Amino acid sequence: MPTEHDLTALDREHVWHPYAPMPATQPPLVVSSASGVRLTLADGRELIDGMSSWWAAIHGYRHPALDAAVRDQLGRMSHVMFGGLTHEPAIRLAKTLVDITPGPLRHVFLCDSGSVAVEVAVKMCLQYHRSLGRTGKRRMLTWRGGYHGDTFHPMSVTDPDGGMHSLWRGVLPEQVFVPMPPVEYDPGYVDLVGATLREHRDEIAGIIVEPVVQGAGGMRFHSPRYLQDLRELADEHDVLLVFDEIATGFGRTGALFAADLAGVAPDVMCVGKAMTGGYLSMGATLCVPRVAEGISRGETPVLAHGPTFMGNPLASAVANASIDLLLAGDWAANVRRIEAGLRAGLEPARGRPGVREVRVLGAIGVVQLDHDVDMAAATAAAVGHGVWLRPFRDLIYTMPPYVTGDTDLESICAAVVAAAEVA
Ligand code: PMP
C-alpha cells in the first residue's frame with residue numbers, strides 16, 4: 001500500500017486535476033474514505049463536506065440504501081450497451097424523471113454527464129428546426145454569467161468573459177448573448193431579451209439558461225419571474241426553451257426543480273449531478289413530444305447521439321435509489337432547515353471588510369468578496385475549521401449534503417466566515 005507521501009508524489013507526476021496546470025500548483029488532499037457528511041483524509045483528519053462533491057452527494061457518502069442499490073445491480077449486470085437493448089433500471093429512471101419534472105416533458109435521453117446532456121439539448125434544438133427546414137436556426141440565445149459545462153458547445157453558451165472560456169473566442173460557435181439577468185425583476189430587461197430575439201429570430205434555435213441560480217458562472221440568483229417571460233418569448237418567436245437544471249435539480253433551491261419556482265415548463269431540460277446522489281456520472285436530457293416528433297419526421301429522422309455508456313445500469317440503479325430516498329423523506333423541510341442554518345451562520349460575514357455580499361437560497365450559501373480569493377489561504381482556513389470548501393474567483397460558498405446536521409452546518413458556516421476573513 002503506497003504511503004500518503006508516495007500518492008502525493010505520483011499524483012503530482014501523472015494526474016491532471018480540474019482547472020489546474022500540470023503539475024498542480026496546490027497539491028490536492030488525499031481522501032481515503034468518506035461516510036455520511038465526512039471525508040477521511042489519508043493522514044487521518046476528518047473534514048465535514050461543505051461541497052456535496054460539486055452539488056452531487058445530496059445524501060452524503062456511503063448511504064446504506066445507495067450502496068445496496070449499486071451492489072444489487074452489480075449482481076445482475078454493471079453495464080450493457082443501449083443500442084438495441086434496454087433494461088429495467090433505465091426504463092424506471094426515465095419514467096421517474098418524466099413523473100417528477102414539469103408535465104409536458106415526456107421523453108428522456110440518458111447520457112454520461114452534465115456537459116453531454118447540454119450537448120444533446122443543443123443538438124435537439126438545432127435538429128428540431130433543421131427537420132422543419134429552418135436550417136438558418138443554428139444559434140442559441142443565453143444570458144451572460146451562465147455556466148453549462150466544459151465541452152465545446154456548452155462552453156459556447158457559458159459566459160465568454162467571466163469563465164475560463166474566453167481563451168476560445170474565435171473557435172467556439174458564436175452564440176447570442178444578452179446581459180446577465182438583474183436580481184430583482186425588471187420588465188425593461190425582458191424587453192431587451194425580446195428585442196434581441198426579434199433581431200435574431202431567423203438564426204436562433206433555442207434559449208438556454210440555468211433557471212433561478214447561475215452556478216459556476218458566479219453563484220448568482222435571479223427572480224423566477226424571468227422564466228415565465230422566457231417561456232412567453234420562446235413561444236412568440238418559435239424558439240425552444242432549454243433549462244439547464246444540472247446544478248439546481250433535485251431540491252437544491254428549495255423546489256424539486258427550479259422551474260417549479262416559476263411554474264414554467266421548458267421544452268428541453270438537462271439534469272445530472274445529484275441525480276445519482278453523487279455516486280456515478282450520469283446526465284439526462286428530457287424533451288417535450290413536439291421536439292421528438294419534429295426530429296423523428298426530419299430528413300435524418302434520428303437523434304444521432306449514442307454514448308457507449310448510455311443508460312448505464314449501475315448509474316441508473318443508484319439514480320433510482322437516490323430519487324426514491326429523496327422523495328421518501330421530507331426533503332423540502334430539510335432544505336428549508338439548511339437554508340435557515342445558512343442564513344444564521346453566514347450572517348457574521350455580512351459587512352466584514354472585503355465582503356461584498358452574503359446570499360442564501362435553499363441549500364446554497366454564498367459569500368462574495370470584493371476581490372478574488374486567495375484560494376490556498378481560504379482552503380487552509382476552512383480545513384483548519386475541519387471543513388472542506390472549494391472557493392473560486394471572488395466566491396466562498398457551500399452547498400452541503402441535505403443530511404448535514406445542525407452542528408455540522410454551524411461548523412461549515414464558521415469555516416466559510418473564517419475563509420472569507422483570510423481570503
Ligand atoms: N451545467 C451546469 C449548470 C453545471 O453546473 C455543470 C457542472 N458544474 C454542468 C452543466 C456540466 O456538468 P458535468 O461537469 O457533469 O459535465
# chains A, B, ... in the order shown; residues from 1 in each chain; ligands from 1

call {"tool": "residues_near_ligand", "arguments": {"ligand": "ligand 1", "cutoff": "10 Å", "atoms": "only C-alpha atoms and all ligand atoms", "output": "PyMOL selection string"}}
result
chain A and resi 54-56+112-119+146-151+154-155+158+209-211+213-217+219+243-249+270-274+281-283

call {"tool": "write_last_selection", "arguments": {"atoms": "C-alpha atoms", "output": "compact mmCIF listing (two decimals), in the first residue's frame"}}
result
# COMPACT_ATOMS: atom_id res chain seq x y z
CA TRP A 54 -19.88 19.74 -6.55
CA TRP A 55 -23.65 19.67 -5.90
CA ALA A 56 -23.93 15.91 -6.26
CA ASP A 112 -22.79 10.29 -19.43
CA SER A 113 -22.52 13.66 -17.74
CA GLY A 114 -23.91 17.16 -17.45
CA SER A 115 -21.85 18.55 -20.31
CA VAL A 116 -23.05 15.79 -22.61
CA ALA A 117 -26.64 16.44 -21.51
CA VAL A 118 -26.16 20.07 -22.65
CA GLU A 119 -24.58 18.92 -25.94
CA GLY A 146 -24.01 31.36 -17.10
CA TYR A 147 -22.12 28.10 -16.99
CA HIS A 148 -23.10 24.95 -18.87
CA GLY A 149 -20.05 22.68 -18.91
CA ASP A 150 -16.60 22.32 -20.41
CA THR A 151 -17.09 20.58 -23.77
CA PRO A 154 -21.62 24.00 -23.54
CA MET A 155 -18.60 26.33 -23.43
CA THR A 158 -21.12 29.79 -20.95
CA VAL A 209 -30.44 29.24 -19.23
CA GLU A 210 -29.77 27.98 -15.75
CA PRO A 211 -33.09 28.74 -14.04
CA VAL A 213 -29.40 30.10 -9.90
CA GLN A 214 -26.39 30.79 -12.09
CA GLY A 215 -23.94 28.37 -10.51
CA ALA A 216 -20.31 28.02 -11.58
CA GLY A 217 -20.66 31.27 -13.56
CA MET A 219 -23.37 31.79 -7.85
CA PHE A 243 -33.46 24.81 -18.75
CA ASP A 244 -30.12 23.51 -17.51
CA GLU A 245 -31.10 22.10 -14.09
CA ILE A 246 -27.86 20.15 -13.70
CA ALA A 247 -26.91 22.13 -10.59
CA THR A 248 -30.37 23.22 -9.40
CA GLY A 249 -32.24 19.93 -9.84
CA CYS A 270 -30.94 18.90 -18.61
CA VAL A 271 -30.31 17.13 -15.30
CA GLY A 272 -27.24 15.45 -13.82
CA LYS A 273 -25.05 15.81 -10.73
CA ALA A 274 -27.39 14.94 -7.79
CA SER A 281 -21.54 10.09 -13.60
CA MET A 282 -24.83 10.38 -15.44
CA GLY A 283 -26.90 13.09 -17.07

call {"tool": "select_by_dssp", "arguments": {"residues": "stretch 38-230 of chain A", "states": "strand (DSSP E or B)", "output": "compact mmCIF listing (two decimals) with all heavy atoms, in the first residue's frame"}}
result
# COMPACT_ATOMS: atom_id res chain seq x y z
N ARG A 38 -18.80 13.21 6.09
CA ARG A 38 -17.37 13.38 6.42
C ARG A 38 -16.44 12.69 5.43
O ARG A 38 -16.68 11.54 5.04
CB ARG A 38 -17.11 12.85 7.82
CG ARG A 38 -17.60 13.83 8.88
CD ARG A 38 -17.32 13.35 10.29
NE ARG A 38 -17.45 14.47 11.20
CZ ARG A 38 -18.59 15.10 11.47
NH1 ARG A 38 -19.70 14.70 10.87
NH2 ARG A 38 -18.63 16.12 12.30
N LEU A 39 -15.40 13.44 5.06
CA LEU A 39 -14.32 12.88 4.25
C LEU A 39 -13.18 12.54 5.21
O LEU A 39 -12.82 13.36 6.06
CB LEU A 39 -13.81 13.92 3.25
CG LEU A 39 -14.84 14.67 2.40
CD1 LEU A 39 -14.14 15.71 1.51
CD2 LEU A 39 -15.66 13.70 1.56
N THR A 40 -12.60 11.34 5.07
CA THR A 40 -11.45 10.99 5.90
C THR A 40 -10.20 11.07 5.02
O THR A 40 -10.12 10.44 3.96
CB THR A 40 -11.60 9.56 6.47
OG1 THR A 40 -12.80 9.53 7.25
CG2 THR A 40 -10.42 9.19 7.36
N LEU A 41 -9.26 11.88 5.46
CA LEU A 41 -8.03 12.06 4.70
C LEU A 41 -7.03 10.97 5.04
O LEU A 41 -7.11 10.33 6.10
CB LEU A 41 -7.42 13.44 4.99
CG LEU A 41 -8.34 14.65 4.73
CD1 LEU A 41 -7.57 15.95 4.96
CD2 LEU A 41 -8.92 14.60 3.32
N GLU A 46 -10.40 14.32 9.60
CA GLU A 46 -11.76 14.24 9.05
C GLU A 46 -12.24 15.63 8.70
O GLU A 46 -12.06 16.57 9.47
CB GLU A 46 -12.72 13.65 10.10
CG GLU A 46 -12.70 12.15 10.15
CD GLU A 46 -13.92 11.59 10.87
OE1 GLU A 46 -14.65 12.36 11.52
OE2 GLU A 46 -14.12 10.37 10.75
N LEU A 47 -12.85 15.77 7.54
CA LEU A 47 -13.40 17.06 7.14
C LEU A 47 -14.90 16.91 6.89
O LEU A 47 -15.34 15.95 6.25
CB LEU A 47 -12.73 17.56 5.86
CG LEU A 47 -11.22 17.80 5.91
CD1 LEU A 47 -10.74 18.28 4.54
CD2 LEU A 47 -10.85 18.82 6.98
N ILE A 48 -15.69 17.89 7.35
CA ILE A 48 -17.11 17.94 7.01
C ILE A 48 -17.20 18.49 5.59
O ILE A 48 -16.57 19.49 5.27
CB ILE A 48 -17.87 18.88 7.98
CG1 ILE A 48 -17.68 18.42 9.43
CG2 ILE A 48 -19.35 18.95 7.62
CD1 ILE A 48 -18.08 19.48 10.46
N ASP A 49 -17.97 17.81 4.77
CA ASP A 49 -18.04 18.20 3.36
C ASP A 49 -19.04 19.33 3.15
O ASP A 49 -20.25 19.13 3.31
CB ASP A 49 -18.43 16.98 2.52
CG ASP A 49 -18.58 17.34 1.06
OD1 ASP A 49 -17.96 18.33 0.62
OD2 ASP A 49 -19.32 16.63 0.36
N TYR A 61 -22.17 10.41 1.87
CA TYR A 61 -21.38 9.32 1.28
C TYR A 61 -21.74 7.99 1.94
O TYR A 61 -22.12 7.94 3.11
CB TYR A 61 -19.89 9.61 1.46
CG TYR A 61 -19.54 10.94 0.80
CD1 TYR A 61 -19.62 12.14 1.51
CD2 TYR A 61 -19.22 10.99 -0.55
CE1 TYR A 61 -19.36 13.35 0.90
CE2 TYR A 61 -18.96 12.20 -1.18
CZ TYR A 61 -19.02 13.38 -0.45
OH TYR A 61 -18.78 14.58 -1.06
N HIS A 107 -40.03 12.69 -22.85
CA HIS A 107 -39.03 11.77 -23.40
C HIS A 107 -37.67 12.06 -22.78
O HIS A 107 -37.36 13.21 -22.49
CB HIS A 107 -38.96 11.92 -24.92
CG HIS A 107 -40.30 11.79 -25.58
ND1 HIS A 107 -41.11 10.68 -25.44
CD2 HIS A 107 -41.00 12.66 -26.36
CE1 HIS A 107 -42.24 10.87 -26.12
NE2 HIS A 107 -42.20 12.06 -26.66
N VAL A 108 -36.87 11.00 -22.61
CA VAL A 108 -35.63 11.12 -21.85
C VAL A 108 -34.47 10.52 -22.62
O VAL A 108 -34.55 9.37 -23.07
CB VAL A 108 -35.77 10.36 -20.51
CG1 VAL A 108 -34.51 10.54 -19.66
CG2 VAL A 108 -37.00 10.81 -19.74
N PHE A 109 -33.42 11.28 -22.79
CA PHE A 109 -32.18 10.79 -23.39
C PHE A 109 -31.15 10.70 -22.27
O PHE A 109 -30.73 11.72 -21.71
CB PHE A 109 -31.71 11.74 -24.50
CG PHE A 109 -30.60 11.17 -25.34
CD1 PHE A 109 -30.85 10.56 -26.56
CD2 PHE A 109 -29.28 11.23 -24.89
CE1 PHE A 109 -29.82 10.02 -27.32
CE2 PHE A 109 -28.25 10.69 -25.64
CZ PHE A 109 -28.51 10.09 -26.86
N LEU A 110 -30.76 9.49 -21.90
CA LEU A 110 -29.79 9.31 -20.82
C LEU A 110 -28.38 9.41 -21.39
O LEU A 110 -28.09 8.88 -22.46
CB LEU A 110 -29.99 7.93 -20.18
CG LEU A 110 -31.35 7.72 -19.49
CD1 LEU A 110 -31.53 6.25 -19.13
CD2 LEU A 110 -31.49 8.61 -18.26
N CYS A 111 -27.51 10.09 -20.67
CA CYS A 111 -26.13 10.22 -21.19
C CYS A 111 -25.12 10.24 -20.05
O CYS A 111 -25.47 9.97 -18.91
CB CYS A 111 -26.02 11.43 -22.10
SG CYS A 111 -26.63 12.93 -21.36
N ARG A 139 -28.18 29.00 -33.88
CA ARG A 139 -27.51 29.64 -32.73
C ARG A 139 -28.42 29.53 -31.51
O ARG A 139 -29.63 29.37 -31.63
CB ARG A 139 -27.24 31.12 -33.02
CG ARG A 139 -26.30 31.33 -34.20
CD ARG A 139 -26.15 32.80 -34.51
NE ARG A 139 -25.20 33.47 -33.61
CZ ARG A 139 -24.98 34.78 -33.62
NH1 ARG A 139 -25.64 35.57 -34.45
NH2 ARG A 139 -24.11 35.32 -32.80
N MET A 140 -27.80 29.64 -30.35
CA MET A 140 -28.55 29.64 -29.10
C MET A 140 -28.48 31.04 -28.50
O MET A 140 -27.47 31.73 -28.63
CB MET A 140 -27.96 28.63 -28.10
CG MET A 140 -27.94 27.18 -28.57
SD MET A 140 -29.58 26.44 -28.83
CE MET A 140 -30.17 26.26 -27.15
N LEU A 141 -29.55 31.43 -27.82
CA LEU A 141 -29.51 32.69 -27.07
C LEU A 141 -29.38 32.33 -25.59
O LEU A 141 -30.02 31.39 -25.10
CB LEU A 141 -30.79 33.50 -27.29
CG LEU A 141 -30.84 34.84 -26.54
CD1 LEU A 141 -31.43 35.93 -27.43
CD2 LEU A 141 -31.65 34.77 -25.25
N THR A 142 -28.53 33.06 -24.91
CA THR A 142 -28.41 32.87 -23.46
C THR A 142 -28.06 34.19 -22.81
O THR A 142 -27.77 35.18 -23.49
CB THR A 142 -27.37 31.79 -23.12
OG1 THR A 142 -27.41 31.52 -21.71
CG2 THR A 142 -25.95 32.23 -23.49
N TRP A 143 -28.13 34.20 -21.48
CA TRP A 143 -27.72 35.42 -20.78
C TRP A 143 -26.31 35.25 -20.24
O TRP A 143 -25.83 34.15 -20.03
CB TRP A 143 -28.71 35.79 -19.69
CG TRP A 143 -29.18 34.71 -18.74
CD1 TRP A 143 -28.44 33.68 -18.23
CD2 TRP A 143 -30.50 34.58 -18.20
NE1 TRP A 143 -29.21 32.92 -17.38
CE2 TRP A 143 -30.48 33.45 -17.35
CE3 TRP A 143 -31.68 35.31 -18.32
CZ2 TRP A 143 -31.61 33.03 -16.64
CZ3 TRP A 143 -32.79 34.88 -17.61
CH2 TRP A 143 -32.76 33.76 -16.79
N VAL A 176 -25.72 33.99 -29.21
CA VAL A 176 -26.25 35.35 -28.98
C VAL A 176 -26.39 35.54 -27.47
O VAL A 176 -27.09 34.78 -26.80
CB VAL A 176 -27.62 35.51 -29.67
CG1 VAL A 176 -28.19 36.90 -29.40
CG2 VAL A 176 -27.49 35.27 -31.18
N PHE A 177 -25.71 36.55 -26.95
CA PHE A 177 -25.75 36.82 -25.51
C PHE A 177 -26.56 38.06 -25.20
O PHE A 177 -26.45 39.06 -25.91
CB PHE A 177 -24.34 37.00 -24.94
CG PHE A 177 -23.57 35.71 -24.82
CD1 PHE A 177 -22.81 35.24 -25.88
CD2 PHE A 177 -23.63 34.96 -23.67
CE1 PHE A 177 -22.12 34.04 -25.79
CE2 PHE A 177 -22.93 33.76 -23.55
CZ PHE A 177 -22.17 33.30 -24.63
N VAL A 178 -27.35 38.00 -24.14
CA VAL A 178 -27.97 39.20 -23.58
C VAL A 178 -27.32 39.41 -22.20
O VAL A 178 -26.67 38.49 -21.69
CB VAL A 178 -29.51 39.04 -23.44
CG1 VAL A 178 -30.17 39.01 -24.79
CG2 VAL A 178 -29.88 37.81 -22.62
N ILE A 204 -31.97 32.01 -34.39
CA ILE A 204 -31.97 31.41 -33.06
C ILE A 204 -32.85 30.16 -33.01
O ILE A 204 -34.02 30.19 -33.40
CB ILE A 204 -32.40 32.44 -31.99
CG1 ILE A 204 -31.30 33.50 -31.86
CG2 ILE A 204 -32.62 31.76 -30.63
CD1 ILE A 204 -31.63 34.62 -30.92
N ALA A 205 -32.23 29.06 -32.55
CA ALA A 205 -32.95 27.78 -32.44
C ALA A 205 -33.53 27.62 -31.05
O ALA A 205 -34.59 27.01 -30.88
CB ALA A 205 -31.99 26.63 -32.75
N GLY A 206 -32.84 28.13 -30.05
CA GLY A 206 -33.30 27.93 -28.68
C GLY A 206 -32.70 28.93 -27.71
O GLY A 206 -31.69 29.58 -28.01
N ILE A 207 -33.37 29.04 -26.56
CA ILE A 207 -32.85 29.85 -25.45
C ILE A 207 -32.39 28.83 -24.40
O ILE A 207 -33.16 27.93 -24.06
CB ILE A 207 -33.96 30.71 -24.83
CG1 ILE A 207 -34.60 31.62 -25.87
CG2 ILE A 207 -33.44 31.52 -23.64
CD1 ILE A 207 -35.86 32.35 -25.36
N ILE A 208 -31.17 28.97 -23.91
CA ILE A 208 -30.73 28.07 -22.83
C ILE A 208 -30.30 28.89 -21.63
O ILE A 208 -29.53 29.85 -21.77
CB ILE A 208 -29.59 27.12 -23.30
CG1 ILE A 208 -29.18 26.18 -22.15
CG2 ILE A 208 -28.38 27.85 -23.86
CD1 ILE A 208 -28.32 25.01 -22.58
N VAL A 209 -30.83 28.55 -20.46
CA VAL A 209 -30.44 29.24 -19.23
C VAL A 209 -30.40 28.26 -18.06
O VAL A 209 -31.04 27.21 -18.11
CB VAL A 209 -31.43 30.38 -18.84
CG1 VAL A 209 -31.43 31.48 -19.88
CG2 VAL A 209 -32.83 29.85 -18.61
N VAL A 213 -30.75 30.02 -10.46
CA VAL A 213 -29.40 30.10 -9.90
C VAL A 213 -28.38 29.94 -11.02
O VAL A 213 -28.36 28.92 -11.70
CB VAL A 213 -29.14 28.99 -8.86
CG1 VAL A 213 -27.71 29.07 -8.33
CG2 VAL A 213 -30.13 29.07 -7.71
N GLN A 214 -27.55 30.95 -11.22
CA GLN A 214 -26.39 30.79 -12.09
C GLN A 214 -25.27 30.27 -11.20
O GLN A 214 -24.82 30.97 -10.29
CB GLN A 214 -26.02 32.12 -12.74
CG GLN A 214 -27.09 32.59 -13.74
CD GLN A 214 -26.66 33.83 -14.49
OE1 GLN A 214 -26.42 34.86 -13.87
NE2 GLN A 214 -26.56 33.76 -15.80
N ARG A 220 -25.01 33.37 -8.71
CA ARG A 220 -25.96 34.48 -8.62
C ARG A 220 -27.38 33.95 -8.69
O ARG A 220 -27.64 32.96 -9.38
CB ARG A 220 -25.76 35.45 -9.78
CG ARG A 220 -24.58 36.37 -9.61
CD ARG A 220 -24.49 37.33 -10.79
NE ARG A 220 -23.10 37.44 -11.18
CZ ARG A 220 -22.50 36.65 -12.05
NH1 ARG A 220 -23.18 35.73 -12.69
NH2 ARG A 220 -21.23 36.81 -12.30
N PHE A 221 -28.29 34.65 -8.03
CA PHE A 221 -29.70 34.27 -8.05
C PHE A 221 -30.48 35.36 -8.80
O PHE A 221 -30.11 36.52 -8.77
CB PHE A 221 -30.26 34.15 -6.63
CG PHE A 221 -29.40 33.36 -5.67
CD1 PHE A 221 -29.29 33.72 -4.32
CD2 PHE A 221 -28.70 32.24 -6.11
CE1 PHE A 221 -28.50 32.99 -3.44
CE2 PHE A 221 -27.90 31.51 -5.23
CZ PHE A 221 -27.81 31.89 -3.89

call {"tool": "select_by_dssp", "arguments": {"residues": "stretch 141-365 of chain A", "states": "alpha helix (DSSP H)", "output": "PyMOL selection string"}}
result
chain A and resi 152-156+187-199+225-237+258-262+289-296+313-328+331-346

call {"tool": "atom_distance", "arguments": {"atom1": "atom CA of A:Asp72", "atom2": "atom CA of A:Gly278"}}
result
17.7 Å

call {"tool": "residues_around", "arguments": {"residues": "stretch 81-89 of chain A", "least_positions_apart": "6", "cutoff": "6 Å", "atoms": "only C-alpha atoms", "output": "list in words"}}
result
Pro313, Ser316 and Ala317 of chain A

call {"tool": "write_last_selection", "arguments": {"atoms": "all heavy atoms", "output": "short mmCIF file (atom, residue, chain, number, x, y, z; two decimals), in the first residue's frame"}}
result
data_model
loop_
_atom_site.label_atom_id
_atom_site.label_comp_id
_atom_site.auth_asym_id
_atom_site.auth_seq_id
_atom_site.Cartn_x
_atom_site.Cartn_y
_atom_site.Cartn_z
N PRO A 313 -26.52 0.74 -16.42
CA PRO A 313 -27.41 0.16 -15.39
C PRO A 313 -27.01 0.49 -13.95
O PRO A 313 -27.89 0.75 -13.12
CB PRO A 313 -27.31 -1.35 -15.65
CG PRO A 313 -26.93 -1.45 -17.09
CD PRO A 313 -26.05 -0.28 -17.37
N SER A 316 -28.00 4.06 -13.41
CA SER A 316 -29.47 4.15 -13.39
C SER A 316 -30.01 3.63 -12.06
O SER A 316 -30.91 4.23 -11.47
CB SER A 316 -30.09 3.34 -14.53
OG SER A 316 -29.66 3.80 -15.78
N ALA A 317 -29.47 2.50 -11.61
CA ALA A 317 -29.97 1.88 -10.38
C ALA A 317 -29.73 2.80 -9.18
O ALA A 317 -30.61 2.98 -8.33
CB ALA A 317 -29.29 0.53 -10.15
#

call {"tool": "atom_distance", "arguments": {"atom1": "atom CA of A:Gly103", "atom2": "atom CA of A:Gln175"}}
result
28.9 Å

call {"tool": "residues_around", "arguments": {"residues": "A:Met375", "least_positions_apart": "4", "cutoff": "10 Å", "atoms": "only C-alpha atoms", "output": "VMD selection string"}}
result
chain A and resid 26 379 to 381 389 to 396 419 422 to 423

call {"tool": "write_last_selection", "arguments": {"atoms": "C-alpha atoms", "output": "mmCIF file, in the first residue's frame"}}
result
data_model
loop_
_atom_site.group_PDB
_atom_site.id
_atom_site.type_symbol
_atom_site.label_atom_id
_atom_site.label_comp_id
_atom_site.auth_asym_id
_atom_site.auth_seq_id
_atom_site.Cartn_x
_atom_site.Cartn_y
_atom_site.Cartn_z
ATOM 1 C CA GLN A 26 -1.632 23.381 -4.893
ATOM 2 C CA THR A 379 -8.975 26.469 1.735
ATOM 3 C CA ALA A 380 -6.436 26.158 4.554
ATOM 4 C CA ALA A 381 -8.646 28.260 6.850
ATOM 5 C CA LEU A 389 -14.676 24.051 0.824
ATOM 6 C CA ARG A 390 -13.554 24.859 -2.714
ATOM 7 C CA PRO A 391 -13.691 28.630 -3.274
ATOM 8 C CA PHE A 392 -13.273 30.127 -6.744
ATOM 9 C CA ARG A 393 -12.946 33.601 -8.233
ATOM 10 C CA ASP A 394 -14.401 36.018 -5.642
ATOM 11 C CA LEU A 395 -16.641 33.389 -4.056
ATOM 12 C CA ILE A 396 -16.596 31.289 -0.930
ATOM 13 C CA ALA A 419 -12.170 31.527 4.910
ATOM 14 C CA VAL A 422 -8.289 35.259 5.403
ATOM 15 C CA ALA A 423 -9.107 35.280 1.696
#

call {"tool": "residues_around", "arguments": {"residues": "A:Met275", "least_positions_apart": "6", "cutoff": "7 Å", "atoms": "only C-alpha atoms", "output": "list in words"}}
result
Phe250, Ala319, Ser322 and Ile323 of chain A

call {"tool": "residues_around", "arguments": {"residues": "A:Arg62", "least_positions_apart": "6", "cutoff": "12 Å", "atoms": "only C-alpha atoms", "output": "PyMOL selection string"}}
result
chain A and resi 33-39+68-71+277-279+318+322

call {"tool": "closest_residue", "arguments": {"among": "A:His222, A:Glu236, A:His59, A:Leu409", "to": "A:Ala195", "atoms": "only C-alpha atoms"}}
result
A:Glu236

call {"tool": "closest_residue", "arguments": {"among": "A:Leu167, A:Ala265, A:Ala121, A:Met1", "to": "A:Ala42", "atoms": "only C-alpha atoms"}}
result
A:Met1

call {"tool": "residues_around", "arguments": {"residues": "A:Tyr189", "least_positions_apart": "2", "cutoff": "12 Å", "atoms": "only C-alpha atoms", "output": "list in words"}}
result
Trp143, Val178, Pro179, Met180, Pro181, Pro182, Val183, Glu184, Tyr185, Asp186, Pro187, Asp191, Leu192, Val193, Gly194, Ala195, Thr196, Ser223, Arg225, Tyr226, Asp229 and Leu230 of chain A

call {"tool": "closest_atom_pairs", "arguments": {"of": "stretch 58-96 of chain A", "to": "stretch 327-346 of chain A", "cutoff": "12 Å", "atoms": "only C-alpha atoms", "output": "Markdown table"}}
result
| residue | atom | partner | partner_atom | distance |
| --- | --- | --- | --- | --- |
| A:Ile58 | CA | A:Trp331 | CA | 10.2 |
| A:His59 | CA | A:Trp331 | CA | 10.3 |
| A:Ala65 | CA | A:Ala328 | CA | 12.0 |
| A:Thr96 | CA | A:Leu327 | CA | 10.8 |

call {"tool": "atom_distance", "arguments": {"atom1": "atom CA of A:Pro401", "atom2": "atom CA of A:Leu66"}}
result
14.4 Å

call {"tool": "closest_residue", "arguments": {"among": "A:Pro307, A:Gly384, A:Gly365, A:Pro160", "to": "A:Ala284", "atoms": "only C-alpha atoms"}}
result
A:Pro307

call {"tool": "closest_residue", "arguments": {"among": "A:Val120, A:Ala321, A:Ala376, A:Leu361", "to": "A:Arg92", "atoms": "only C-alpha atoms"}}
result
A:Ala321

call {"tool": "decode", "arguments": {"residues": "stretch 180-224 of chain A", "atoms": "C-alpha atoms", "output": "PDB file, in the first residue's frame"}}
result
ATOM      1  CA  MET A 180     -26.944  38.979 -17.025  1.00  0.00           C
ATOM      2  CA  PRO A 181     -30.436  38.950 -15.522  1.00  0.00           C
ATOM      3  CA  PRO A 182     -30.864  41.582 -12.778  1.00  0.00           C
ATOM      4  CA  VAL A 183     -31.505  40.041  -9.355  1.00  0.00           C
ATOM      5  CA  GLU A 184     -34.811  41.839  -8.921  1.00  0.00           C
ATOM      6  CA  TYR A 185     -37.464  41.639 -11.596  1.00  0.00           C
ATOM      7  CA  ASP A 186     -37.013  44.287 -14.273  1.00  0.00           C
ATOM      8  CA  PRO A 187     -39.538  44.468 -17.149  1.00  0.00           C
ATOM      9  CA  GLY A 188     -37.033  46.560 -19.125  1.00  0.00           C
ATOM     10  CA  TYR A 189     -34.674  43.587 -19.134  1.00  0.00           C
ATOM     11  CA  VAL A 190     -37.412  41.392 -20.567  1.00  0.00           C
ATOM     12  CA  ASP A 191     -37.993  43.949 -23.331  1.00  0.00           C
ATOM     13  CA  LEU A 192     -34.313  43.792 -24.176  1.00  0.00           C
ATOM     14  CA  VAL A 193     -34.375  39.981 -24.415  1.00  0.00           C
ATOM     15  CA  GLY A 194     -37.469  40.261 -26.626  1.00  0.00           C
ATOM     16  CA  ALA A 195     -35.793  42.798 -28.906  1.00  0.00           C
ATOM     17  CA  THR A 196     -32.691  40.608 -29.242  1.00  0.00           C
ATOM     18  CA  LEU A 197     -34.845  37.603 -30.117  1.00  0.00           C
ATOM     19  CA  ARG A 198     -36.712  39.601 -32.746  1.00  0.00           C
ATOM     20  CA  GLU A 199     -33.457  40.814 -34.223  1.00  0.00           C
ATOM     21  CA  HIS A 200     -32.012  37.284 -34.498  1.00  0.00           C
ATOM     22  CA  ARG A 201     -35.291  35.465 -34.997  1.00  0.00           C
ATOM     23  CA  ASP A 202     -34.170  33.604 -38.134  1.00  0.00           C
ATOM     24  CA  GLU A 203     -30.923  32.454 -36.541  1.00  0.00           C
ATOM     25  CA  ILE A 204     -31.970  31.406 -33.058  1.00  0.00           C
ATOM     26  CA  ALA A 205     -32.946  27.782 -32.443  1.00  0.00           C
ATOM     27  CA  GLY A 206     -33.298  27.927 -28.680  1.00  0.00           C
ATOM     28  CA  ILE A 207     -32.848  29.846 -25.445  1.00  0.00           C
ATOM     29  CA  ILE A 208     -30.727  28.070 -22.834  1.00  0.00           C
ATOM     30  CA  VAL A 209     -30.440  29.238 -19.229  1.00  0.00           C
ATOM     31  CA  GLU A 210     -29.772  27.983 -15.748  1.00  0.00           C
ATOM     32  CA  PRO A 211     -33.092  28.744 -14.041  1.00  0.00           C
ATOM     33  CA  VAL A 212     -33.003  30.909 -10.867  1.00  0.00           C
ATOM     34  CA  VAL A 213     -29.395  30.097  -9.898  1.00  0.00           C
ATOM     35  CA  GLN A 214     -26.391  30.790 -12.092  1.00  0.00           C
ATOM     36  CA  GLY A 215     -23.940  28.368 -10.511  1.00  0.00           C
ATOM     37  CA  ALA A 216     -20.314  28.024 -11.580  1.00  0.00           C
ATOM     38  CA  GLY A 217     -20.656  31.275 -13.557  1.00  0.00           C
ATOM     39  CA  GLY A 218     -20.819  33.272 -10.311  1.00  0.00           C
ATOM     40  CA  MET A 219     -23.366  31.793  -7.847  1.00  0.00           C
ATOM     41  CA  ARG A 220     -25.960  34.484  -8.618  1.00  0.00           C
ATOM     42  CA  PHE A 221     -29.705  34.266  -8.054  1.00  0.00           C
ATOM     43  CA  HIS A 222     -32.429  35.980 -10.063  1.00  0.00           C
ATOM     44  CA  SER A 223     -36.196  36.360  -9.934  1.00  0.00           C
ATOM     45  CA  PRO A 224     -38.089  33.232 -11.110  1.00  0.00           C
TER      46      PRO A 224
END
